[in-house]
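Colleague: As input, take structure_20.cif (mmCIF, C-alpha atoms):
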data_structure
loop_
_atom_site.label_atom_id
_atom_site.label_comp_id
_atom_site.auth_asym_id
_atom_site.auth_seq_id
_atom_site.Cartn_x
_atom_site.Cartn_y
_atom_site.Cartn_z
CA MET A 1 -116.04 -27.98 -88.46
CA ALA A 2 -118.95 -27.00 -90.68
CA ASP A 3 -120.09 -24.64 -87.94
CA LEU A 4 -116.65 -23.02 -87.71
CA LEU A 5 -116.55 -22.49 -91.44
CA ARG A 6 -120.04 -21.00 -91.38
CA ARG A 7 -118.94 -18.54 -88.71
CA VAL A 8 -115.98 -17.57 -90.86
CA ALA A 9 -118.16 -17.14 -93.94
CA GLU A 10 -121.02 -15.28 -92.30
CA GLN A 11 -119.44 -13.33 -89.47
CA ALA A 12 -115.73 -13.15 -90.36
CA ASP A 13 -115.23 -14.78 -86.96
CA LEU A 14 -111.52 -14.67 -86.04
CA ALA A 15 -111.86 -17.18 -83.19
CA ALA A 16 -113.43 -19.69 -85.57
CA PHE A 17 -110.60 -19.08 -88.02
CA ARG A 18 -108.03 -19.71 -85.31
CA GLU A 19 -109.67 -23.02 -84.48
CA LEU A 20 -109.70 -24.10 -88.12
CA TYR A 21 -106.05 -23.13 -88.42
CA GLN A 22 -105.08 -25.07 -85.32
CA THR A 23 -107.00 -28.11 -86.59
CA TYR A 24 -105.80 -28.25 -90.17
CA GLY A 25 -102.58 -26.20 -90.14
CA PRO A 26 -100.39 -28.94 -88.60
CA ARG A 27 -101.62 -31.50 -91.16
CA VAL A 28 -101.10 -29.20 -94.12
CA LYS A 29 -97.64 -28.36 -92.78
CA ALA A 30 -96.86 -32.09 -92.55
CA TYR A 31 -98.14 -32.56 -96.12
CA MET A 32 -95.93 -29.77 -97.46
CA MET A 33 -92.89 -31.16 -95.66
CA ARG A 34 -93.51 -34.59 -97.18
CA GLN A 35 -93.45 -32.85 -100.55
CA GLY A 36 -89.98 -31.53 -99.87
CA ALA A 37 -90.60 -28.14 -98.26
CA ASP A 38 -88.49 -27.12 -95.26
CA ALA A 39 -90.34 -26.46 -91.99
CA ALA A 40 -90.55 -22.67 -92.42
CA THR A 41 -91.77 -22.87 -96.02
CA ALA A 42 -94.24 -25.62 -95.08
CA GLU A 43 -95.67 -23.42 -92.34
CA ASP A 44 -95.93 -20.48 -94.76
CA LEU A 45 -97.90 -22.70 -97.13
CA ALA A 46 -100.10 -23.97 -94.29
CA GLN A 47 -100.85 -20.32 -93.48
CA GLU A 48 -101.61 -19.57 -97.12
CA THR A 49 -103.87 -22.60 -97.37
CA LEU A 50 -105.95 -21.50 -94.40
CA LEU A 51 -106.00 -17.88 -95.58
CA ALA A 52 -107.47 -19.18 -98.84
CA VAL A 53 -110.07 -21.00 -96.74
CA TRP A 54 -110.91 -17.66 -95.08
CA ARG A 55 -111.27 -15.89 -98.43
CA ARG A 56 -113.28 -18.67 -100.05
CA ALA A 57 -115.37 -19.76 -97.05
CA SER A 58 -118.62 -18.53 -98.60
CA LEU A 59 -117.97 -20.68 -101.71
CA TYR A 60 -117.74 -23.94 -99.80
CA ALA A 61 -120.61 -26.35 -100.59
CA GLU A 62 -121.04 -29.38 -98.37
CA GLU A 63 -122.64 -31.52 -101.09
CA LYS A 64 -119.43 -31.24 -103.13
CA GLY A 65 -117.32 -32.80 -100.40
CA SER A 66 -116.21 -32.49 -96.80
CA ILE A 67 -114.25 -29.53 -95.47
CA ALA A 68 -111.14 -31.68 -95.15
CA THR A 69 -111.41 -32.74 -98.80
CA TRP A 70 -111.80 -29.10 -99.77
CA ILE A 71 -108.73 -28.11 -97.73
CA PHE A 72 -106.79 -30.96 -99.35
CA ALA A 73 -107.70 -29.61 -102.80
CA ILE A 74 -106.56 -26.09 -101.86
CA ALA A 75 -103.28 -27.38 -100.38
CA ARG A 76 -102.71 -29.60 -103.42
CA ASN A 77 -103.07 -26.69 -105.84
CA LEU A 78 -100.88 -24.47 -103.71
CA ARG A 79 -98.19 -27.15 -103.61
CA ILE A 80 -98.22 -27.52 -107.41
CA ASP A 81 -98.01 -23.75 -107.82
CA ARG A 82 -95.36 -23.01 -105.18
CA LEU A 83 -93.29 -26.16 -104.74
CA ARG A 84 -93.44 -27.62 -108.23
CA ARG A 85 -93.75 -24.21 -109.89
CA GLU A 86 -96.27 -25.60 -112.34
CA MET A 87 -99.74 -24.53 -113.22
CA PRO A 88 -102.36 -26.18 -111.00
CA TRP A 89 -104.75 -27.58 -113.60
CA GLN A 90 -107.14 -29.06 -111.07
CA GLU A 91 -110.31 -27.16 -110.40
CA LEU A 92 -111.36 -26.66 -106.82
CA PRO A 93 -114.56 -28.48 -105.85
CA GLU A 94 -116.65 -25.30 -105.63
CA SER A 95 -115.84 -24.40 -109.26
CA ARG A 96 -117.31 -27.66 -110.49
CA MET A 97 -120.90 -27.98 -111.53
CA GLU A 98 -121.22 -31.57 -110.40
CA GLN A 99 -121.22 -33.43 -107.17
CA PRO A 100 -118.84 -36.35 -106.86
CA SER A 101 -119.82 -39.54 -108.62
CA THR A 102 -121.63 -42.13 -106.53
CA GLU A 103 -123.32 -44.21 -109.26
CA THR A 104 -126.74 -43.79 -107.67
CA PRO A 105 -128.19 -40.35 -106.96
CA PRO A 106 -127.04 -38.84 -103.68
CA ASP A 107 -129.02 -40.23 -100.79
CA GLU A 108 -130.31 -37.42 -98.64
CA ALA A 109 -129.95 -39.56 -95.56
CA LEU A 110 -126.27 -39.87 -96.27
CA SER A 111 -124.24 -36.89 -95.16
CA ALA A 112 -120.87 -35.93 -96.60
CA LYS A 113 -119.38 -37.04 -93.30
CA GLU A 114 -120.85 -40.55 -93.50
CA ARG A 115 -119.75 -40.89 -97.10
CA GLN A 116 -116.26 -39.77 -96.14
CA GLY A 117 -116.13 -42.29 -93.30
CA ARG A 118 -116.82 -44.95 -95.85
CA VAL A 119 -113.93 -43.79 -98.05
CA LEU A 120 -111.56 -43.82 -95.07
CA ALA A 121 -112.65 -47.34 -94.14
CA ALA A 122 -112.25 -48.60 -97.70
CA LEU A 123 -108.79 -47.04 -97.91
CA ALA A 124 -107.75 -48.62 -94.61
CA GLN A 125 -108.83 -52.03 -95.88
CA LEU A 126 -106.72 -51.95 -99.03
CA PRO A 127 -103.96 -54.55 -99.26
CA PRO A 128 -100.58 -52.96 -98.42
CA GLU A 129 -99.30 -52.91 -102.01
CA GLN A 130 -102.36 -50.96 -103.15
CA HIS A 131 -102.35 -48.67 -100.12
CA GLU A 132 -98.71 -47.88 -100.91
CA VAL A 133 -99.32 -46.59 -104.44
CA VAL A 134 -102.24 -44.47 -103.24
CA THR A 135 -100.09 -42.94 -100.48
CA LEU A 136 -97.17 -42.29 -102.83
CA SER A 137 -99.56 -40.45 -105.16
CA TYR A 138 -101.52 -38.40 -102.63
CA ILE A 139 -98.91 -37.79 -99.92
CA ASP A 140 -95.62 -37.85 -101.79
CA GLY A 141 -97.01 -36.44 -105.04
CA LEU A 142 -95.16 -38.99 -107.18
CA SER A 143 -96.14 -39.65 -110.80
CA HIS A 144 -96.73 -43.20 -112.08
CA GLY A 145 -93.18 -43.29 -113.45
CA GLU A 146 -91.66 -42.00 -110.21
CA ILE A 147 -93.56 -44.61 -108.18
CA ALA A 148 -92.37 -47.34 -110.54
CA ALA A 149 -88.77 -46.18 -110.09
CA ARG A 150 -89.10 -45.85 -106.31
CA LEU A 151 -90.57 -49.34 -105.90
CA GLY A 152 -88.58 -51.00 -108.67
CA LEU A 153 -91.76 -52.14 -110.41
CA PRO A 154 -92.87 -52.06 -114.05
CA LEU A 155 -95.01 -49.03 -114.87
CA GLY A 156 -97.93 -51.28 -115.83
CA THR A 157 -97.92 -52.87 -112.37
CA VAL A 158 -98.10 -49.47 -110.66
CA LYS A 159 -101.02 -48.41 -112.86
CA SER A 160 -102.93 -51.65 -112.39
CA ARG A 161 -102.51 -51.41 -108.60
CA MET A 162 -103.94 -47.91 -108.69
CA ARG A 163 -106.87 -49.03 -110.84
CA ILE A 164 -107.70 -51.92 -108.51
CA ALA A 165 -107.39 -49.69 -105.44
CA TYR A 166 -109.79 -47.23 -106.98
CA GLN A 167 -112.30 -49.92 -107.90
CA ARG A 168 -112.26 -51.25 -104.34
CA ILE A 169 -112.81 -47.83 -102.84
CA ARG A 170 -115.64 -47.19 -105.29
CA ALA A 171 -117.20 -50.54 -104.41
CA GLY A 172 -117.10 -49.50 -100.75
CA LEU A 173 -119.02 -46.34 -101.60
CA GLU A 174 -121.66 -48.13 -103.61
CA ASP A 175 -122.40 -50.67 -100.87
CA LEU A 176 -123.67 -47.85 -98.80
CA GLN A 177 -126.47 -46.84 -101.11
CA MET B 1 -121.43 -34.44 -127.20
CA SER B 2 -120.99 -38.13 -126.62
CA ILE B 3 -117.55 -39.09 -125.37
CA SER B 4 -116.57 -42.72 -125.60
CA HIS B 5 -112.87 -42.71 -124.68
CA HIS B 6 -112.08 -41.50 -121.17
CA LEU B 7 -109.08 -41.04 -118.92
CA ASP B 8 -107.73 -44.23 -117.37
CA ASP B 9 -108.59 -44.72 -113.67
CA ALA B 10 -104.89 -44.57 -112.78
CA THR B 11 -104.59 -41.24 -114.62
CA LEU B 12 -107.69 -39.86 -112.88
CA MET B 13 -106.31 -40.87 -109.49
CA SER B 14 -102.92 -39.30 -110.15
CA PHE B 15 -104.59 -36.10 -111.40
CA ALA B 16 -106.81 -35.82 -108.29
CA ALA B 17 -103.76 -36.48 -106.11
CA GLY B 18 -101.88 -33.63 -107.79
CA ALA B 19 -99.20 -36.06 -108.96
CA LEU B 20 -99.70 -36.07 -112.72
CA PRO B 21 -96.81 -34.36 -114.57
CA GLY B 22 -97.79 -30.86 -115.74
CA ALA B 23 -98.29 -31.48 -119.45
CA LEU B 24 -100.40 -34.58 -118.83
CA ALA B 25 -102.40 -32.70 -116.21
CA ALA B 26 -103.17 -30.02 -118.81
CA VAL B 27 -104.69 -32.60 -121.16
CA ALA B 28 -106.54 -34.27 -118.28
CA ALA B 29 -108.02 -30.90 -117.28
CA ALA B 30 -109.00 -30.13 -120.88
CA HIS B 31 -110.73 -33.50 -121.23
CA ALA B 32 -112.48 -33.09 -117.85
CA ASP B 33 -113.76 -29.70 -119.01
CA MET B 34 -115.53 -31.53 -121.87
CA CYS B 35 -116.49 -34.69 -119.96
CA ARG B 36 -119.00 -34.76 -117.13
CA ARG B 37 -118.20 -38.36 -116.28
CA CYS B 38 -114.51 -37.68 -115.66
CA ARG B 39 -115.28 -34.51 -113.68
CA ARG B 40 -117.39 -36.56 -111.30
CA GLU B 41 -114.73 -39.25 -111.00
CA ILE B 42 -112.08 -36.65 -110.15
CA ALA B 43 -114.36 -35.12 -107.52
CA ALA B 44 -114.88 -38.56 -105.97
CA LEU B 45 -111.13 -39.27 -106.02
CA GLU B 46 -110.39 -36.02 -104.20
CA ARG B 47 -112.00 -37.56 -101.13
CA LEU B 48 -108.98 -39.81 -100.85
CA GLY B 49 -106.94 -36.65 -100.29
CA GLU B 50 -108.73 -36.11 -97.01
CA ALA B 51 -107.83 -39.64 -95.95
CA ALA B 52 -104.24 -38.99 -96.96
CA LEU B 53 -104.06 -35.78 -94.92
CA ALA B 54 -105.59 -37.51 -91.92
CA SER B 55 -103.02 -40.30 -92.11
CA LEU B 56 -100.05 -37.93 -91.77
CA PRO B 57 -98.64 -37.29 -88.31
CA PRO B 58 -99.25 -33.54 -87.75
CA VAL B 59 -96.23 -31.24 -87.43
CA ALA B 60 -96.50 -28.59 -84.68
CA LEU B 61 -96.88 -25.00 -85.84
CA GLU B 62 -94.20 -22.62 -84.61
CA ARG B 63 -95.87 -19.28 -85.20
CA PRO B 64 -99.25 -17.86 -84.23
CA GLU B 65 -102.03 -18.06 -86.78
CA PRO B 66 -101.88 -15.48 -89.57
CA SER B 67 -104.21 -12.53 -89.49
CA PRO B 68 -106.72 -12.96 -92.30
CA THR B 69 -107.67 -9.30 -92.15
CA ALA B 70 -104.13 -7.97 -92.64
CA PRO B 71 -103.63 -6.13 -95.96
CA THR B 72 -100.90 -8.55 -97.10
CA ALA B 73 -103.30 -11.45 -96.70
CA ALA B 74 -106.04 -9.71 -98.66
CA GLY B 75 -103.70 -8.87 -101.51
CA MET B 76 -102.23 -12.33 -101.79
CA ARG B 77 -102.14 -13.84 -105.21
CA ASP B 78 -104.88 -16.39 -105.66
CA ALA B 79 -103.48 -19.54 -107.25
CA PHE B 80 -106.86 -21.14 -107.73
CA GLN B 81 -108.64 -19.20 -110.41
CA HIS B 82 -109.00 -20.71 -113.82
CA ALA B 83 -109.78 -18.48 -116.72
CA SER B 84 -113.45 -19.28 -116.87
CA ALA B 85 -114.68 -16.70 -119.33
CA ALA B 86 -116.36 -18.48 -122.22
CA THR B 87 -114.29 -17.48 -125.21
CA ASP B 88 -114.02 -19.90 -128.12
CA PRO B 89 -116.35 -22.87 -127.49
CA GLU B 90 -113.96 -25.13 -129.40
CA ILE B 91 -111.19 -24.51 -126.86
CA PRO B 92 -111.55 -26.24 -123.48
CA ARG B 93 -111.61 -23.51 -120.80
CA PRO B 94 -108.38 -24.49 -119.03
CA LEU B 95 -106.52 -24.08 -122.33
CA ALA B 96 -107.95 -20.68 -123.20
CA PRO B 97 -104.93 -18.75 -121.87
CA LEU B 98 -102.59 -20.88 -124.03
CA VAL B 99 -104.56 -20.87 -127.29
CA ASP B 100 -105.36 -17.29 -128.01
CA GLY B 101 -107.61 -16.63 -131.00
CA GLY B 102 -108.82 -20.19 -131.53
CA LEU B 103 -107.63 -23.17 -133.55
CA ASP B 104 -107.83 -21.34 -136.89
CA ALA B 105 -105.32 -18.72 -135.70
CA VAL B 106 -102.65 -21.19 -134.59
CA ALA B 107 -99.20 -20.64 -136.14
CA TRP B 108 -98.55 -24.17 -137.35
CA ARG B 109 -95.07 -25.55 -137.84
CA TRP B 110 -94.69 -27.96 -140.74
CA LEU B 111 -93.32 -31.33 -139.64
CA GLY B 112 -93.83 -33.38 -142.77
CA PRO B 113 -96.49 -34.00 -145.43
CA GLY B 114 -99.90 -33.65 -143.83
CA VAL B 115 -98.52 -33.10 -140.31
CA TRP B 116 -98.09 -29.82 -138.41
CA ASP B 117 -97.56 -29.01 -134.77
CA HIS B 118 -97.58 -26.07 -132.42
CA PRO B 119 -95.78 -26.32 -129.08
CA LEU B 120 -97.60 -24.77 -126.13
CA PRO B 121 -95.28 -23.17 -123.56
CA LEU B 122 -95.61 -24.77 -120.17
CA ALA B 123 -93.52 -24.69 -117.00
CA GLY B 124 -92.67 -28.07 -115.60
CA ALA B 125 -92.52 -31.66 -116.64
CA GLY B 126 -93.33 -32.96 -120.11
CA LYS B 127 -94.21 -31.40 -123.41
CA LEU B 128 -97.56 -30.04 -124.53
CA ARG B 129 -98.42 -29.39 -128.15
CA LEU B 130 -101.19 -29.12 -130.67
CA LEU B 131 -100.92 -31.46 -133.63
CA LYS B 132 -102.76 -31.09 -136.92
CA VAL B 133 -103.00 -34.01 -139.32
CA ALA B 134 -104.55 -33.86 -142.79
CA PRO B 135 -107.09 -36.43 -144.03
CA GLY B 136 -105.56 -39.74 -145.06
CA HIS B 137 -102.41 -39.23 -143.01
CA GLY B 138 -101.24 -41.07 -139.92
CA ILE B 139 -100.73 -39.48 -136.54
CA PRO B 140 -97.06 -39.86 -135.69
CA GLU B 141 -96.17 -41.88 -132.66
CA HIS B 142 -94.57 -39.91 -129.92
CA GLY B 143 -93.54 -40.04 -126.31
CA HIS B 144 -92.56 -43.67 -126.25
CA GLY B 145 -90.84 -44.47 -123.02
CA GLY B 146 -93.16 -42.17 -121.12
CA ALA B 147 -96.83 -41.56 -120.65
CA GLU B 148 -98.76 -39.81 -123.37
CA LEU B 149 -102.26 -38.38 -123.63
CA THR B 150 -104.00 -37.36 -126.86
CA LEU B 151 -107.23 -35.36 -126.80
CA VAL B 152 -109.20 -34.71 -130.00
CA LEU B 153 -110.28 -31.08 -130.37
CA ARG B 154 -111.44 -31.17 -134.01
CA GLY B 155 -112.08 -33.93 -136.55
CA SER B 156 -111.37 -37.55 -135.73
CA PHE B 157 -108.92 -40.42 -136.08
CA HIS B 158 -109.19 -44.14 -135.71
CA ASP B 159 -106.87 -46.96 -134.79
CA GLU B 160 -107.02 -50.56 -133.55
CA THR B 161 -108.65 -49.40 -130.30
CA GLY B 162 -111.56 -47.57 -131.94
CA GLN B 163 -112.63 -44.21 -133.28
CA TYR B 164 -111.73 -40.98 -131.52
CA ALA B 165 -113.80 -37.83 -132.08
CA ARG B 166 -113.92 -34.45 -130.35
CA GLY B 167 -113.62 -34.84 -126.59
CA ASP B 168 -112.27 -38.38 -126.73
CA VAL B 169 -108.92 -38.94 -125.10
CA ALA B 170 -106.45 -41.72 -125.93
CA ASP B 171 -104.91 -42.79 -122.63
CA LEU B 172 -103.27 -46.02 -123.67
CA ASP B 173 -100.79 -48.27 -122.01
CA GLU B 174 -97.26 -47.91 -123.27
CA THR B 175 -97.43 -51.51 -124.42
CA VAL B 176 -100.31 -50.89 -126.85
CA GLU B 177 -99.13 -50.86 -130.45
CA HIS B 178 -101.38 -48.67 -132.50
CA GLN B 179 -101.32 -46.72 -135.70
CA PRO B 180 -103.83 -43.84 -135.65
CA VAL B 181 -105.05 -42.58 -139.02
CA VAL B 182 -107.22 -39.60 -139.93
CA PRO B 183 -110.04 -40.71 -142.28
CA ARG B 184 -109.45 -39.85 -145.92
CA ASP B 185 -112.91 -38.34 -146.40
CA GLY B 186 -112.90 -36.25 -143.22
CA SER B 187 -111.48 -32.90 -142.21
CA ASP B 188 -108.14 -32.11 -140.60
CA CYS B 189 -107.77 -33.64 -137.18
CA ILE B 190 -106.46 -31.36 -134.44
CA CYS B 191 -105.33 -32.94 -131.19
CA LEU B 192 -103.83 -31.74 -127.96
CA ILE B 193 -100.96 -34.03 -127.06
CA ALA B 194 -98.94 -34.30 -123.88
CA SER B 195 -95.93 -36.50 -123.55
CA GLU B 196 -93.56 -37.16 -120.71
CA ALA B 197 -90.63 -37.91 -123.02
CA PRO B 198 -90.64 -35.20 -125.67
CA GLU B 199 -87.19 -35.60 -127.12
CA ARG B 200 -88.02 -38.54 -129.34
CA PHE B 201 -91.02 -36.91 -130.95
CA GLN B 202 -89.24 -35.34 -133.89
CA GLY B 203 -87.28 -38.45 -134.71
CA LEU B 204 -90.41 -40.52 -134.64
CA VAL B 205 -92.22 -38.09 -136.87
CA ALA B 206 -89.46 -38.44 -139.39
CA ARG B 207 -89.53 -42.20 -139.10
CA GLN B 208 -93.28 -42.37 -139.40
CA TRP B 209 -93.18 -40.01 -142.35
CA GLN B 210 -90.70 -42.32 -143.99
CA ARG B 211 -93.02 -45.22 -143.34
CA VAL B 212 -96.05 -43.45 -144.81
CA ARG B 213 -94.13 -42.44 -147.91
CA GLY B 214 -92.50 -45.80 -148.21
CA VAL B 215 -89.07 -44.21 -148.29
#
With the file now loaded, output its structure as structure tokens.

Modeller:
Amino acid sequence: MADLLRRVAEQADLAAFRELYQTYGPRVKAYMMRQGADAATAEDLAQETLLAVWRRASLYAEEKGSIATWIFAIARNLRIDRLRREMPWQELPESRMEQPSTETPPDEALSAKERQGRVLAALAQLPPEQHEVVTLSYIDGLSHGEIAARLGLPLGTVKSRMRIAYQRIRAGLEDLQ
Amino acid sequence: MSISHHLDDATLMSFAAGALPGALAAVAAAHADMCRRCRREIAALERLGEAALASLPPVALERPEPSPTAPTAAGMRDAFQHASAATDPEIPRPLAPLVDGGLDAVAWRWLGPGVWDHPLPLAGAGKLRLLKVAPGHGIPEHGHGGAELTLVLRGSFHDETGQYARGDVADLDETVEHQPVVPRDGSDCICLIASEAPERFQGLVARQWQRVRGV
């Protein structure tokens, strides 16, 4: 994937763009549909997301996160702007000065891909009730209050589940160092 | 600048997920602009977004890929650019478009003795406002029944949970009872406040004002 993005950035390579679109487009479309968009609108937003990838390809920096994380951030902002009609307050990774937090300085032997694998594994190992609140936040875009209403739980329980989930995922990252 | 009160982990996660209501997200972004620690946490939490995308069953595309070289694509509005020009160093960069001319040019609305506010227009959920409180006065409670975030932009206040100075954010559980006060010997305290449940704010100001005055 990094190679495809490099070809887009350096050579404006349309075949590489098509491959990126075919890889990520169906997932971004699924994401937009989960957020309430109909199929046609979701596909429009998947197209817009990947067109933003084309325009911003030269800004991508691997040390600030994987390509999939970057595409998530673009899709997230686009969803807030178009589906929620709010201002996307989140910066995109390439606008940030810093690399993601890992407690210890980034290990050169550890690629973004390996680090990401660790996050995926830690997420998969969460107990179901913690996995659920993470999914409802990231996939369904629900606020703390909306999750509490959906699950019939006190707000404090939702927030403490999210805190514990985060601490576990962080612990998984730190083990690696 | 040394920041000692940060965003709660649950708030950081919701912000990175794109699930924090608009007004709260504005305060979170303003704090992150001033706080290296929270910026790094948000960046780390964005990695979970990749996992979330990967966990979704893909939905087949029905049309061919768009042409990135077509004129319509090139002219498309870019929804990702923050105003990044350094204007007033006292105003966090994400807020610059909303607070034109700096904190001294704000048109304050008198709410009661020692308390002024200035609503900031925002599309979407929640209410965003600047609040100015004079030395020796209490900061009115607000937003009960919903989440609330308070970021100090100038001056300081203190309550049972500690002292809050510029850059500090109060991200407290709804269950925490606290009574923030601006020190008598300090300057005005100006905060950026987001609340999910705005409608009770005014009533609470009045009630708190009554309490302060002993009416």

Colleague: Using 8 Å as the limit and counting only C-alpha atoms, can you tabulate each residue of chain B that touches chain A, with its shortest atom-to-atom distance in Å and the two atoms involved, as CSV?

Modeller:
residue,atom,partner,partner_atom,distance
B:Asp9,CA,A:Arg163,CA,5.4
B:Ala10,CA,A:Arg163,CA,5.3
B:Met13,CA,A:Met162,CA,7.5
B:Ser14,CA,A:Ser137,CA,6.1
B:Phe15,CA,A:Gln90,CA,7.5
B:Ala16,CA,A:Gln90,CA,7.3
B:Ala17,CA,A:Tyr138,CA,4.6
B:Gly18,CA,A:Arg76,CA,6.0
B:Ala19,CA,A:Gly141,CA,4.5
B:Leu20,CA,A:Ser143,CA,5.4
B:Pro21,CA,A:Ser143,CA,6.5
B:Gly22,CA,A:Glu86,CA,6.4
B:Ala25,CA,A:Trp89,CA,6.2
B:Ala26,CA,A:Trp89,CA,6.0
B:Ala29,CA,A:Trp89,CA,5.9
B:Arg36,CA,A:Glu98,CA,7.8
B:Arg37,CA,A:Ser101,CA,7.9
B:Arg39,CA,A:Glu98,CA,7.4
B:Arg40,CA,A:Pro100,CA,4.7
B:Glu41,CA,A:Ser101,CA,5.6
B:Ile42,CA,A:Pro100,CA,7.5
B:Ala43,CA,A:Pro100,CA,4.7
B:Ala44,CA,A:Pro100,CA,4.6
B:Glu46,CA,A:Thr69,CA,6.4
B:Arg47,CA,A:Thr69,CA,5.4
B:Leu48,CA,A:Val119,CA,6.9
B:Gly49,CA,A:Phe72,CA,5.8
B:Glu50,CA,A:Thr69,CA,4.7
B:Ala51,CA,A:Leu120,CA,5.7
B:Ala52,CA,A:Ile139,CA,6.2
B:Leu53,CA,A:Arg27,CA,6.2
B:Ala54,CA,A:Arg27,CA,7.2
B:Leu56,CA,A:Arg27,CA,6.6
B:Pro57,CA,A:Ala30,CA,6.9
B:Pro58,CA,A:Arg27,CA,4.6
B:Val59,CA,A:Pro26,CA,4.9
B:Ala60,CA,A:Pro26,CA,5.5
B:Leu61,CA,A:Pro26,CA,6.0
B:Glu62,CA,A:Glu43,CA,7.9
B:Glu65,CA,A:Arg18,CA,6.4
B:Pro66,CA,A:Gln47,CA,6.3
B:Pro68,CA,A:Leu51,CA,6.0
B:Ala73,CA,A:Leu51,CA,7.1
B:Asp78,CA,A:Ala52,CA,7.8
B:Ala79,CA,A:Leu78,CA,6.6
B:Phe80,CA,A:Asn77,CA,7.0
B:His82,CA,A:Glu91,CA,7.4
B:Pro94,CA,A:Trp89,CA,7.2
B:Leu122,CA,A:Glu86,CA,7.9
B:Ala123,CA,A:Glu86,CA,5.5
B:Gly124,CA,A:Glu86,CA,5.4
B:Gly146,CA,A:Gly145,CA,7.8
B:Asp173,CA,A:Gly156,CA,7.4

Colleague: Which one is closest to Arg129 (chain B): B:Val99, B:Ala194, B:Ala147, B:Val176? Count only C-alpha atoms.

Modeller: B:Ala194

Colleague: Which of these, B:Leu103, B:Ala28, B:Ala125, B:Ile91, has the shortest distance to Thr150 (chain B) once you count all atoms listed in the file?

Modeller: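 Selected residue with least distance to Thr150 (chain B): B:Ala28.
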
Colleague: Would you work out the distance separating CA of Ile190 (chain B) from CA of Asp117 (chain B), expressed in Å to one decimal?

Modeller: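 Between CA of Ile190 (chain B) and CA of Asp117 (chain B) the gap is 9.2 Å.
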
Colleague: Would you work out the distance separating CA of Val152 (chain B) from CA of Asp188 (chain B), expressed in Å to one decimal?

Modeller: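 So the answer is 11.0 Å.
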
Colleague: When you look at Ala30 (chain B) with a cut-off of 10 Å (counting all atoms listed in the file), what residues show up, excluding the ones that are within fewer than 4 positions of it in the same chain? I need them as a compact mmCIF listing (two decimals) with C-alpha atoms, keeping the file's coordinate frame.

Modeller:
# COMPACT_ATOMS: atom_id res chain seq x y z
CA TRP A 89 -104.75 -27.58 -113.60
CA LEU B 24 -100.40 -34.58 -118.83
CA ALA B 25 -102.40 -32.70 -116.21
CA ALA B 26 -103.17 -30.02 -118.81
CA MET B 34 -115.53 -31.53 -121.87
CA CYS B 35 -116.49 -34.69 -119.96
CA ILE B 91 -111.19 -24.51 -126.86
CA PRO B 92 -111.55 -26.24 -123.48
CA ARG B 93 -111.61 -23.51 -120.80
CA PRO B 94 -108.38 -24.49 -119.03
CA LEU B 95 -106.52 -24.08 -122.33
CA ALA B 96 -107.95 -20.68 -123.20
CA LEU B 151 -107.23 -35.36 -126.80
CA LEU B 153 -110.28 -31.08 -130.37
CA GLY B 167 -113.62 -34.84 -126.59
CA VAL B 169 -108.92 -38.94 -125.10
CA LEU B 192 -103.83 -31.74 -127.96

Colleague: Quick one: distance from CA of Glu148 (chain B) to CA of Ser187 (chain B) in Å, one decimal?

Modeller: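 The value is 23.8 Å.
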
Colleague: I'd like the box whose edges run along x, y and z of the file and which contains every listed atom of region 164-177 of chain B, padded by 6 Å per side; could you state its centre and edge lengths in Å, one decimal, as JSON?

Modeller:
{"center_x": -105.6, "center_y": -43.0, "center_z": -127.0, "size_x": 28.7, "size_y": 29.1, "size_z": 22.1}
